$ cat upload28.cif   # mmCIF, C-alpha atoms and all ligand atoms
data_run
loop_
_atom_site.label_atom_id
_atom_site.label_comp_id
_atom_site.auth_asym_id
_atom_site.auth_seq_id
_atom_site.Cartn_x
_atom_site.Cartn_y
_atom_site.Cartn_z
CA MET A 1 19.35 0.34 -17.33
CA LYS A 2 20.18 -3.29 -18.05
CA THR A 3 18.63 -6.10 -16.01
CA LEU A 4 20.87 -9.13 -15.56
CA TYR A 5 20.68 -12.46 -13.77
CA PHE A 6 23.70 -13.33 -11.65
CA ASP A 7 23.99 -16.93 -12.83
CA GLU A 8 24.06 -15.86 -16.48
CA ILE A 9 26.82 -13.27 -16.12
CA GLU A 10 30.19 -14.45 -17.42
CA ASN A 11 32.83 -11.86 -18.05
CA TRP A 12 32.21 -8.60 -16.28
CA ASN A 13 34.69 -5.96 -17.36
CA GLU A 14 33.38 -2.60 -16.15
CA PRO A 15 34.41 -1.18 -12.78
CA THR A 16 31.40 -0.17 -10.68
CA VAL A 17 29.92 1.55 -7.71
CA LEU A 18 28.04 -1.42 -6.26
CA VAL A 19 24.95 -0.94 -4.07
CA LEU A 20 23.72 -3.78 -1.85
CA GLY A 21 20.30 -4.57 -0.42
CA TYR A 22 16.79 -5.86 -1.10
CA PHE A 23 15.09 -2.44 -1.35
CA ASP A 24 11.37 -3.17 -1.05
CA GLY A 25 9.65 0.05 -2.12
CA LEU A 26 12.84 2.04 -2.71
CA HIS A 27 11.82 4.48 0.01
CA ARG A 28 13.55 7.69 1.09
CA GLY A 29 16.15 5.76 3.12
CA HIS A 30 17.03 3.64 0.10
CA GLN A 31 17.05 6.71 -2.15
CA ALA A 32 19.85 8.17 0.02
CA LEU A 33 22.07 5.21 -0.96
CA PHE A 34 21.45 5.83 -4.64
CA ALA A 35 22.03 9.58 -4.26
CA GLU A 36 25.44 8.74 -2.75
CA ALA A 37 26.09 6.22 -5.55
CA LYS A 38 25.30 8.83 -8.21
CA LYS A 39 27.64 11.35 -6.60
CA LEU A 40 30.53 8.88 -6.44
CA ALA A 41 29.88 7.40 -9.88
CA ALA A 42 30.02 10.88 -11.42
CA VAL A 43 33.28 11.81 -9.69
CA LEU A 44 34.97 8.46 -10.35
CA ASN A 45 33.43 7.97 -13.79
CA LEU A 46 31.95 4.58 -12.90
CA LYS A 47 28.73 2.73 -13.64
CA ILE A 48 26.21 2.03 -10.86
CA ALA A 49 25.31 -1.61 -10.30
CA VAL A 50 22.88 -2.92 -7.69
CA LEU A 51 23.02 -6.48 -6.46
CA THR A 52 19.61 -7.50 -5.18
CA PHE A 53 17.22 -10.45 -4.92
CA PRO A 54 13.94 -11.25 -6.66
CA GLU A 55 12.33 -12.17 -3.31
CA LYS A 56 12.88 -11.02 0.25
CA PRO A 57 15.75 -12.89 1.94
CA THR A 58 13.48 -13.52 4.98
CA LEU A 59 11.65 -16.06 2.78
CA ILE A 60 14.30 -18.70 3.46
CA PHE A 61 14.63 -18.12 7.19
CA GLN A 62 11.04 -18.40 8.39
CA LYS A 63 8.03 -20.72 8.14
CA PHE A 64 6.34 -19.79 4.88
CA GLU A 65 3.25 -17.57 4.92
CA PRO A 66 1.78 -16.37 1.57
CA ASP A 67 2.09 -12.77 2.85
CA MET A 68 5.86 -13.14 2.65
CA LEU A 69 5.62 -12.83 -1.14
CA LEU A 70 3.83 -9.46 -0.94
CA LYS A 71 5.79 -6.33 -1.82
CA LEU A 72 5.44 -2.56 -1.80
CA THR A 73 5.74 -2.38 -5.59
CA SER A 74 5.11 -4.61 -8.56
CA ASP A 75 8.28 -6.12 -10.05
CA LYS A 76 7.88 -3.77 -13.02
CA LYS A 77 7.58 -0.65 -10.86
CA ARG A 78 10.56 -1.82 -8.80
CA GLU A 79 12.69 -1.92 -11.95
CA GLU A 80 11.43 1.52 -12.97
CA LEU A 81 12.39 2.91 -9.57
CA PHE A 82 15.92 1.48 -9.80
CA ALA A 83 16.27 3.11 -13.23
CA GLU A 84 14.93 6.46 -11.93
CA ASN A 85 17.48 6.27 -9.11
CA GLY A 86 20.34 6.15 -11.60
CA VAL A 87 21.12 2.41 -11.67
CA ASP A 88 22.93 1.24 -14.84
CA TYR A 89 22.96 -2.48 -14.06
CA LEU A 90 20.29 -4.25 -12.02
CA ILE A 91 21.59 -7.66 -11.03
CA PHE A 92 19.27 -10.31 -9.57
CA LYS A 93 20.65 -13.17 -7.51
CA ASP A 94 18.39 -15.88 -6.08
CA PHE A 95 18.74 -15.82 -2.32
CA THR A 96 19.27 -19.49 -1.49
CA SER A 97 20.38 -21.21 1.71
CA CYS A 98 23.62 -22.15 -0.05
CA PHE A 99 24.24 -18.49 -0.82
CA ALA A 100 23.31 -17.47 2.73
CA LYS A 101 25.89 -19.85 4.22
CA GLN A 102 28.78 -17.72 2.99
CA THR A 103 30.53 -15.49 5.50
CA ALA A 104 30.86 -11.79 4.65
CA GLU A 105 34.42 -12.46 3.50
CA GLU A 106 33.41 -15.38 1.27
CA PHE A 107 30.55 -13.28 -0.12
CA SER A 108 33.03 -10.56 -0.95
CA LYS A 109 35.39 -12.96 -2.71
CA ASN A 110 32.80 -15.15 -4.50
CA VAL A 111 30.20 -12.58 -5.40
CA LEU A 112 31.18 -8.93 -5.03
CA ASP A 113 34.61 -9.13 -6.65
CA LYS A 114 32.97 -10.35 -9.85
CA PHE A 115 31.55 -6.85 -10.44
CA LEU A 116 34.91 -5.08 -10.13
CA PRO A 117 33.66 -2.67 -7.48
CA LYS A 118 35.74 0.38 -6.62
CA VAL A 119 33.15 1.40 -4.07
CA VAL A 120 30.52 -0.69 -2.29
CA ILE A 121 27.61 1.25 -0.78
CA THR A 122 25.49 -0.03 2.10
CA GLY A 123 23.17 1.49 4.68
CA PHE A 124 24.20 2.10 8.30
CA ASP A 125 22.53 -1.10 9.56
CA HIS A 126 23.46 -3.41 6.69
CA LYS A 127 24.88 -6.74 7.83
CA THR A 128 25.92 -9.46 5.47
CA GLY A 129 27.02 -13.09 5.35
CA SER A 130 26.25 -15.95 7.71
CA ASP A 131 28.36 -14.11 10.30
CA MET A 132 26.13 -11.01 9.92
CA THR A 133 28.96 -8.51 9.87
CA GLN A 134 29.32 -5.09 8.34
CA LEU A 135 31.26 -5.40 5.10
CA LYS A 136 34.90 -4.28 5.28
CA GLY A 137 36.85 -2.54 2.52
CA ASN A 138 39.90 -4.20 0.94
CA ASP A 139 42.59 -3.54 -1.72
CA GLN A 140 39.93 -3.56 -4.43
CA TYR A 141 37.14 -1.46 -3.00
CA LYS A 142 36.25 0.87 -0.22
CA VAL A 143 32.96 0.63 1.64
CA VAL A 144 30.81 3.73 1.99
CA VAL A 145 28.21 3.49 4.75
CA VAL A 146 25.24 5.83 4.36
CA PRO A 147 23.89 7.25 7.64
CA GLU A 148 20.35 6.61 8.84
CA VAL A 149 17.51 8.51 7.18
CA SER A 150 14.84 8.93 9.83
CA ASP A 151 11.86 11.00 10.93
CA GLU A 152 10.39 11.69 14.37
CA LYS A 153 9.35 8.01 14.68
CA GLY A 154 12.79 6.62 13.84
CA LYS A 155 14.32 4.86 10.85
CA ILE A 156 12.42 4.98 7.56
CA SER A 157 12.04 1.31 6.69
CA SER A 158 10.09 -1.01 4.40
CA THR A 159 8.67 -2.69 7.52
CA ARG A 160 7.14 0.58 8.75
CA ILE A 161 5.70 1.35 5.31
CA ARG A 162 4.14 -2.11 5.01
CA GLU A 163 2.36 -1.60 8.35
CA LEU A 164 1.09 1.84 7.26
CA VAL A 165 -0.29 0.43 3.99
CA LYS A 166 -1.87 -2.52 5.78
CA THR A 167 -3.62 -0.20 8.26
CA GLY A 168 -4.72 2.23 5.53
CA ASP A 169 -2.51 5.15 6.58
CA ILE A 170 -1.59 5.81 2.98
CA ALA A 171 -0.67 9.48 3.41
CA SER A 172 2.01 8.52 5.97
CA ALA A 173 3.22 5.62 3.79
CA ASN A 174 3.60 8.05 0.87
CA ALA A 175 5.57 10.49 3.04
CA LEU A 176 8.11 7.73 3.79
CA LEU A 177 8.17 6.37 0.24
CA GLY A 178 8.70 9.80 -1.32
CA TYR A 179 6.14 8.98 -4.04
CA PRO A 180 2.50 7.80 -4.06
CA TYR A 181 1.82 4.13 -3.35
CA GLU A 182 0.66 2.51 -6.58
CA ILE A 183 -1.19 -0.60 -7.67
CA THR A 184 -1.85 -1.69 -11.25
CA GLY A 185 -4.74 -3.97 -12.16
CA ILE A 186 -6.87 -5.07 -15.06
CA VAL A 187 -10.41 -3.70 -15.26
CA VAL A 188 -12.89 -6.58 -14.99
CA HIS A 189 -16.67 -6.92 -14.62
CA GLY A 190 -18.36 -6.48 -11.22
CA PHE A 191 -22.09 -6.55 -10.58
CA ALA A 192 -22.69 -3.40 -12.70
CA ARG A 193 -24.53 -1.80 -9.75
CA GLY A 194 -22.23 1.23 -9.65
CA ARG A 195 -23.84 2.80 -12.70
CA THR A 196 -27.28 2.55 -11.09
CA ILE A 197 -26.13 4.54 -8.04
CA GLY A 198 -24.50 7.29 -10.10
CA TYR A 199 -20.91 6.14 -9.56
CA PRO A 200 -19.79 3.56 -12.14
CA THR A 201 -16.65 1.83 -10.91
CA ALA A 202 -13.78 0.04 -12.58
CA ASN A 203 -13.29 -3.22 -10.66
CA LEU A 204 -9.62 -4.16 -10.54
CA ALA A 205 -8.16 -7.66 -10.83
CA ILE A 206 -4.68 -7.48 -9.31
CA LYS A 207 -2.09 -10.00 -10.46
CA ASP A 208 0.91 -8.56 -8.63
CA PHE A 209 1.99 -9.82 -5.22
CA ILE A 210 1.43 -6.43 -3.64
CA HIS A 211 0.09 -5.17 -0.31
CA ILE A 212 -3.51 -3.97 -0.69
CA PRO A 213 -4.47 -1.12 1.66
CA SER A 214 -6.96 -2.04 4.39
CA PRO A 215 -10.69 -1.82 3.55
CA GLY A 216 -11.97 1.74 3.26
CA VAL A 217 -12.65 4.65 0.95
CA TYR A 218 -9.64 6.45 -0.54
CA THR A 219 -8.76 9.47 -2.63
CA VAL A 220 -6.84 8.27 -5.68
CA ASP A 221 -5.34 9.48 -8.91
CA VAL A 222 -5.49 7.16 -11.89
CA LEU A 223 -2.95 7.09 -14.69
CA LEU A 224 -5.00 7.06 -17.84
CA GLN A 225 -3.50 7.54 -21.30
CA GLY A 226 -0.48 9.22 -19.72
CA GLU A 227 -2.55 11.66 -17.63
CA ARG A 228 -3.41 11.78 -13.94
CA GLN A 229 -7.14 11.84 -13.26
CA ARG A 230 -8.70 12.28 -9.82
CA GLY A 231 -11.12 9.72 -8.48
CA PHE A 232 -12.10 7.83 -5.35
CA ALA A 233 -11.82 4.16 -4.57
CA SER A 234 -13.43 1.57 -2.39
CA ILE A 235 -11.72 -1.50 -0.98
CA GLY A 236 -14.02 -3.89 0.82
CA TYR A 237 -16.93 -6.24 0.77
CA ASN A 238 -19.75 -3.91 -0.40
CA GLU A 239 -21.53 -4.73 2.84
CA THR A 240 -24.59 -2.64 1.96
CA PHE A 241 -25.25 -5.16 -0.82
CA ASN A 242 -24.23 -8.13 1.38
CA GLY A 243 -21.15 -8.67 -0.78
CA LYS A 244 -19.06 -11.75 -0.05
CA GLU A 245 -15.85 -11.00 -1.91
CA LYS A 246 -13.37 -8.22 -1.37
CA THR A 247 -13.30 -5.83 -4.32
CA VAL A 248 -11.03 -2.96 -5.30
CA GLU A 249 -13.12 -0.44 -7.25
CA ILE A 250 -12.26 2.93 -8.71
CA HIS A 251 -14.55 5.73 -9.85
CA ILE A 252 -12.85 8.37 -12.02
CA PHE A 253 -14.50 11.80 -11.83
CA ASP A 254 -15.97 13.55 -14.88
CA LYS A 255 -15.38 10.72 -17.33
CA ASP A 256 -17.66 8.28 -19.06
CA LEU A 257 -15.36 5.43 -19.91
CA ASP A 258 -15.46 1.86 -21.09
CA LEU A 259 -12.33 0.41 -19.50
CA TYR A 260 -12.83 -3.38 -19.45
CA GLY A 261 -9.55 -5.12 -20.15
CA GLU A 262 -7.47 -1.96 -19.69
CA LYS A 263 -4.52 -1.86 -17.32
CA LEU A 264 -5.19 0.84 -14.77
CA THR A 265 -2.53 2.25 -12.47
CA VAL A 266 -3.97 3.68 -9.27
CA LEU A 267 -2.01 6.12 -7.10
CA TRP A 268 -3.35 5.93 -3.53
CA LEU A 269 -3.28 9.37 -1.92
CA ASP A 270 -5.26 9.40 1.32
CA LYS A 271 -7.89 7.48 3.25
CA ILE A 272 -11.28 9.18 3.56
CA ARG A 273 -13.12 6.75 5.87
CA ASP A 274 -13.81 3.13 6.81
CA MET A 275 -16.38 1.04 4.96
CA ILE A 276 -19.93 1.24 6.33
CA LYS A 277 -22.92 -1.11 6.02
CA PHE A 278 -25.70 1.34 5.19
CA GLU A 279 -29.40 0.80 5.94
CA SER A 280 -30.36 2.04 2.47
CA ILE A 281 -28.81 2.68 -0.91
CA ASP A 282 -29.82 6.35 -0.64
CA ALA A 283 -27.73 6.65 2.53
CA LEU A 284 -24.75 5.15 0.69
CA ILE A 285 -25.21 7.60 -2.20
CA ALA A 286 -25.45 10.58 0.19
CA GLN A 287 -22.21 9.50 1.91
CA MET A 288 -20.47 9.00 -1.45
CA LYS A 289 -21.38 12.61 -2.39
CA GLU A 290 -19.56 13.77 0.77
CA ASP A 291 -16.61 11.48 -0.05
CA GLU A 292 -16.48 12.95 -3.55
CA LYS A 293 -16.10 16.49 -2.16
CA LYS A 294 -13.18 15.38 0.01
CA ALA A 295 -11.50 13.50 -2.82
CA ARG A 296 -11.80 16.43 -5.21
CA GLN A 297 -10.39 18.84 -2.64
CA TYR A 298 -7.42 16.71 -1.63
CA GLN A 299 -4.09 18.22 -2.46
CA GLU A 300 -0.93 16.19 -2.31
CA LYS A 301 1.67 17.49 0.14
C1 LIG A 401 -15.96 5.89 -3.13
C2 LIG A 401 -16.77 4.67 -2.83
C3 LIG A 401 -17.24 4.44 -1.53
C4 LIG A 401 -17.98 3.31 -1.22
N1 LIG A 401 -18.40 3.09 0.07
C5 LIG A 401 -19.12 1.99 0.38
C6 LIG A 401 -19.56 1.73 1.72
O1 LIG A 401 -19.27 2.47 2.67
N2 LIG A 401 -20.30 0.63 1.97
C7 LIG A 401 -20.63 -0.25 0.95
O2 LIG A 401 -21.31 -1.24 1.23
N3 LIG A 401 -20.19 -0.07 -0.32
C8 LIG A 401 -19.47 1.04 -0.62
N4 LIG A 401 -19.02 1.25 -1.92
C9 LIG A 401 -19.15 0.17 -2.90
C10 LIG A 401 -20.44 0.17 -3.65
O3 LIG A 401 -21.29 -0.66 -2.92
C11 LIG A 401 -20.10 -0.46 -5.00
O4 LIG A 401 -19.30 0.41 -5.73
C12 LIG A 401 -21.33 -0.81 -5.77
O5 LIG A 401 -21.98 -1.86 -5.11
C13 LIG A 401 -20.99 -1.23 -7.21
O6 LIG A 401 -20.42 -2.50 -7.25
P1 LIG A 401 -20.12 -3.22 -8.65
O7 LIG A 401 -19.01 -2.45 -9.34
O8 LIG A 401 -19.68 -4.63 -8.27
O9 LIG A 401 -21.36 -3.20 -9.42
C14 LIG A 401 -18.29 2.38 -2.25
C15 LIG A 401 -17.81 2.61 -3.56
C16 LIG A 401 -17.07 3.73 -3.85
C17 LIG A 401 -16.57 3.96 -5.26
N1 LIG A 402 16.40 4.69 6.63
C1 LIG A 402 17.55 4.27 6.09
N2 LIG A 402 18.65 5.06 6.12
C2 LIG A 402 19.81 4.64 5.55
N3 LIG A 402 19.98 3.43 4.98
C3 LIG A 402 18.93 2.61 4.95
C4 LIG A 402 17.66 2.98 5.49
N4 LIG A 402 16.80 1.96 5.29
C5 LIG A 402 17.50 0.98 4.67
N5 LIG A 402 18.78 1.37 4.45
C6 LIG A 402 19.83 0.59 3.78
O1 LIG A 402 19.34 0.18 2.50
C7 LIG A 402 19.82 -1.14 2.19
C8 LIG A 402 18.64 -2.04 1.90
O2 LIG A 402 17.93 -2.20 3.11
P1 LIG A 402 16.68 -3.13 3.30
O3 LIG A 402 16.21 -3.63 1.97
O4 LIG A 402 16.92 -4.10 4.39
O5 LIG A 402 15.62 -2.00 3.75
P2 LIG A 402 14.83 -1.74 5.08
O6 LIG A 402 13.93 -0.58 4.82
O7 LIG A 402 15.75 -1.64 6.25
O8 LIG A 402 13.94 -3.06 5.11
P3 LIG A 402 13.19 -3.84 6.28
O9 LIG A 402 12.30 -2.87 6.98
O10 LIG A 402 12.41 -4.88 5.52
O11 LIG A 402 14.26 -4.39 7.15
C9 LIG A 402 20.63 -1.60 3.40
O12 LIG A 402 21.99 -1.36 3.10
C10 LIG A 402 20.14 -0.71 4.53
O13 LIG A 402 21.12 -0.51 5.52
#
$ encode --input "upload28.cif" --output "structure tokens" --more "lines below"
Ligand SMILES: Cc1cc2nc3c(=O)[nH]c(=O)nc-3n(C[C@H](O)[C@H](O)[C@H](O)COP(=O)(O)O)c2cc1C
Ligand SMILES: Nc1ncnc2c1ncn2[C@@H]1O[C@H](COP(=O)(O)OP(=O)(O)OP(=O)(O)O)[C@@H](O)[C@H]1O
Amino acid sequence: MKTLYFDEIENWNEPTVLVLGYFDGLHRGHQALFAEAKKLAAVLNLKIAVLTFPEKPTLIFQKFEPDMLLKLTSDKKREELFAENGVDYLIFKDFTSCFAKQTAEEFSKNVLDKFLPKVVITGFDHKTGSDMTQLKGNDQYKVVVVPEVSDEKGKISSTRIRELVKTGDIASANALLGYPYEITGIVVHGFARGRTIGYPTANLAIKDFIHIPSPGVYTVDVLLQGERQRGFASIGYNETFNGKEKTVEIHIFDKDLDLYGEKLTVLWLDKIRDMIKFESIDALIAQMKEDEKKARQYQEK
């Protein structure tokens, strides 16, 4: 897959199946668009291009809140997911107010035509342009609209997944994503108390603008030297020790590791419980032993 920036593209000469949208998380609904793109690209012998934006378009329509920059994947993981979904060309366009002023027809003429689309793929509820209309086909391309992918609670959407992550319902978020929610961080020093209670933890510094699950104890898998290792994680304020800062800490089972400075990718599988302020450290250790049993037993659905 090639990643390109709209403003740097000059002469495009390959006809494409063009997929449109922001695609935060590339969930099962989004994956249906790429499955359709792959089918058509194979039959018509075309490349798949996706036209997307580095940041969510909502950024320019609402009063800014720092949360608006948070995503369901890191930028790196997002690119990997596009590649896994068969995209040949990933094209980023800054979503600016100037760009947003175009009507759907102007957008088609000024932007889409550049990529010589034979087919443009959108989802059933995709609206574009300042007139917020469904894109229409023309002499150059036809528009294929992918029907809604839903479950018993309705449409699978990035908005629903964000809420699930924020409330700690990771197992449900994963069911909608179609893969485990993941966060990568650098292992940094904490208070080095973990070792003294029998559970050394890797404290993660997270640079990505990514949603962190709500405080609690979670079953996780960690990607370490290309292998998945089971562990459990704590997100919270270490209230038993009167902690003041929120930490994200991972204990990997059956390993004695020195990980400072390593990049650790954590796959969040399920929530075990909320954080508790214990009366004693022994009570915390006893609870962690119970948590460990649950984490070891957890099997991904
Ligand atoms: C699986 C797991 C569960 C935890 N549960 C709690 C908890 O309920 N309450 C709490 O105050 N701290 C909890 N902790 C955090 C410990 O207090 C923390 O790991 C310990 O203080 C070590 O911190 P340090 O790495 O900064 O030294 C938990 C940690 C892990 C790994
Ligand atoms: N569940 C779904 N079924 C079919 N198409 C979908 C589904 N969800 C999104 N799409 C389509 O994928 C493209 C990208 O959508 P978008 O990035 O707005 O995702 P979304 O999940 O609807 O996001 P949000 O919840 O933030 O509105 C659009 O063309 C949209 O219509």
$ closest_residue --input "upload28.cif" --among "A:Phe115, A:Phe99, A:Phe23, A:Phe209" --to "Phe82 in chain A" --atoms "all atoms listed in the file"
A:Phe23
$ residues_near_ligand --input "upload28.cif" --ligand "ligand LIG 401 (chain A)" --cutoff "8 Å" --atoms "all atoms listed in the file" --output "PyMOL selection string"
chain A and resi 189-195+197+199-203+216-218+232-243+247+249-251+274-278+284+287-288+291-292
$ residues_around --input "upload28.cif" --residues "Ser74 in chain A" --least-positions-apart "5" --cutoff "12 Å" --atoms "all atoms listed in the file" --output "list in words"
Asp24, Gly25, Leu26, Pro54, Glu55, Leu69, Glu79, Glu80, Leu81, Tyr181, Glu182, Ile183, Thr184, Gly185, Ile206, Lys207, Asp208, Phe209, Ile210, His211, Ile212 and Thr265 of chain A
$ closest_residue --input "upload28.cif" --among "A:Arg28, A:His126, A:Arg78, A:Lys118" --to "ligand LIG 402 (chain A)" --atoms "only C-alpha atoms and all ligand atoms"
A:His126
$ residues_around --input "upload28.cif" --residues "Lys2 in chain A" --least-positions-apart "6" --cutoff "7 Å" --atoms "all atoms listed in the file" --output "mmCIF file with C-alpha atoms, keeping the file's coordinate frame"
data_model
loop_
_atom_site.group_PDB
_atom_site.id
_atom_site.type_symbol
_atom_site.label_atom_id
_atom_site.label_comp_id
_atom_site.auth_asym_id
_atom_site.auth_seq_id
_atom_site.Cartn_x
_atom_site.Cartn_y
_atom_site.Cartn_z
ATOM 1 C CA ASP A 88 22.930 1.240 -14.840
ATOM 2 C CA TYR A 89 22.960 -2.480 -14.060
ATOM 3 C CA LEU A 90 20.290 -4.250 -12.020
#
$ closest_residue --input "upload28.cif" --among "A:Val222, A:Ile252, A:Leu264, A:Ile9" --to "Leu204 in chain A" --atoms "all atoms listed in the file"
A:Leu264
$ closest_atom_pairs --input "upload28.cif" --of "chain A" --to "ligand LIG 402 (chain A)" --cutoff "6 Å" --atoms "only C-alpha atoms and all ligand atoms" --output "tab-separated table"
residue	atom	partner	partner_atom	distance
A:Leu20	CA	A:LIG402	O12	5.8
A:Gly21	CA	A:LIG402	C8	3.8
A:Tyr22	CA	A:LIG402	O3	3.8
A:Phe23	CA	A:LIG402	O3	3.7
A:Asp24	CA	A:LIG402	O3	5.7
A:Gly29	CA	A:LIG402	C1	3.6
A:His30	CA	A:LIG402	O1	4.8
A:Thr122	CA	A:LIG402	O12	3.9
A:Gly123	CA	A:LIG402	O13	3.0
A:Phe124	CA	A:LIG402	O13	4.9
A:Asp125	CA	A:LIG402	O13	4.3
A:His126	CA	A:LIG402	O13	3.9
A:Val146	CA	A:LIG402	C2	5.7
A:Pro147	CA	A:LIG402	C2	5.3
A:Glu148	CA	A:LIG402	N2	3.6
A:Val149	CA	A:LIG402	N2	3.8
A:Ser150	CA	A:LIG402	N1	5.5
A:Lys155	CA	A:LIG402	N1	4.7
A:Ile156	CA	A:LIG402	N1	4.1
A:Ser157	CA	A:LIG402	O6	3.3
A:Ser158	CA	A:LIG402	O9	3.9
A:Thr159	CA	A:LIG402	O9	3.7
$ residues_around --input "upload28.cif" --residues "Cys98 in chain A" --least-positions-apart "5" --cutoff "12 Å" --atoms "only C-alpha atoms" --output "JSON, numbers by chain"
{"A": [60, 103, 106, 107, 129, 130]}
$ residues_near_point --input "upload28.cif" --point "(-16.5, 12.7, 7.4)" --cutoff "8 Å" --atoms "only C-alpha atoms" --output "ChimeraX atom specification"
/A:272-273,290-291
$ closest_residue --input "upload28.cif" --among "A:Leu40, A:Ile48, A:Ala283, A:Leu112" --to "Asn85 in chain A" --atoms "only C-alpha atoms"
A:Ile48
$ closest_residue --input "upload28.cif" --among "A:Lys142, A:Lys244, A:Lys255, A:Arg162" --to "Ser108 in chain A" --atoms "only C-alpha atoms"
A:Lys142
$ residues_around --input "upload28.cif" --residues "Val17 in chain A" --least-positions-apart "3" --cutoff "12 Å" --atoms "only C-alpha atoms" --output "ChimeraX atom specification"
/A:14,20,33-51,86-89,112-113,115-122,140-144
$ atom_distance --input "upload28.cif" --atom1 "CA of Asn138 in chain A" --atom2 "CA of Asn13 in chain A"
19.1 Å
$ atom_distance --input "upload28.cif" --atom1 "CA of Leu223 in chain A" --atom2 "CA of Arg160 in chain A"
26.3 Å
$ build_atoms --input "upload28.cif" --residues "range 23-36 of chain A" --atoms "N, CA and C atoms" --output "CSV table (one decimal), keeping the file's coordinate frame"
chain,number,residue,atom,x,y,z
A,23,PHE,N,15.7,-3.7,-0.9
A,23,PHE,CA,15.1,-2.4,-1.4
A,23,PHE,C,13.6,-2.6,-1.7
A,24,ASP,N,12.8,-3.1,-0.8
A,24,ASP,CA,11.4,-3.2,-1.0
A,24,ASP,C,10.8,-1.7,-1.0
A,25,GLY,N,10.3,-1.3,-2.1
A,25,GLY,CA,9.6,0.0,-2.1
A,25,GLY,C,10.6,1.2,-2.5
A,26,LEU,N,11.9,1.0,-2.4
A,26,LEU,CA,12.8,2.0,-2.7
A,26,LEU,C,12.4,3.4,-2.1
A,27,HIS,N,12.3,3.3,-0.8
A,27,HIS,CA,11.8,4.5,0.0
A,27,HIS,C,12.9,5.5,0.2
A,28,ARG,N,12.6,6.6,1.0
A,28,ARG,CA,13.6,7.7,1.1
A,28,ARG,C,14.9,7.3,1.7
A,29,GLY,N,14.9,6.3,2.6
A,29,GLY,CA,16.2,5.8,3.1
A,29,GLY,C,17.0,5.1,2.0
A,30,HIS,N,16.3,4.3,1.2
A,30,HIS,CA,17.0,3.6,0.1
A,30,HIS,C,17.5,4.7,-0.9
A,31,GLN,N,16.7,5.7,-1.1
A,31,GLN,CA,17.0,6.7,-2.2
A,31,GLN,C,18.4,7.4,-1.8
A,32,ALA,N,18.6,7.5,-0.4
A,32,ALA,CA,19.8,8.2,0.0
A,32,ALA,C,21.1,7.4,-0.4
A,33,LEU,N,20.9,6.0,-0.5
A,33,LEU,CA,22.1,5.2,-1.0
A,33,LEU,C,22.3,5.5,-2.4
A,34,PHE,N,21.3,5.6,-3.2
A,34,PHE,CA,21.4,5.8,-4.6
A,34,PHE,C,21.9,7.2,-4.9
A,35,ALA,N,21.5,8.2,-4.1
A,35,ALA,CA,22.0,9.6,-4.3
A,35,ALA,C,23.6,9.6,-4.1
A,36,GLU,N,24.0,8.8,-3.0
A,36,GLU,CA,25.4,8.7,-2.8
A,36,GLU,C,26.1,8.0,-3.9
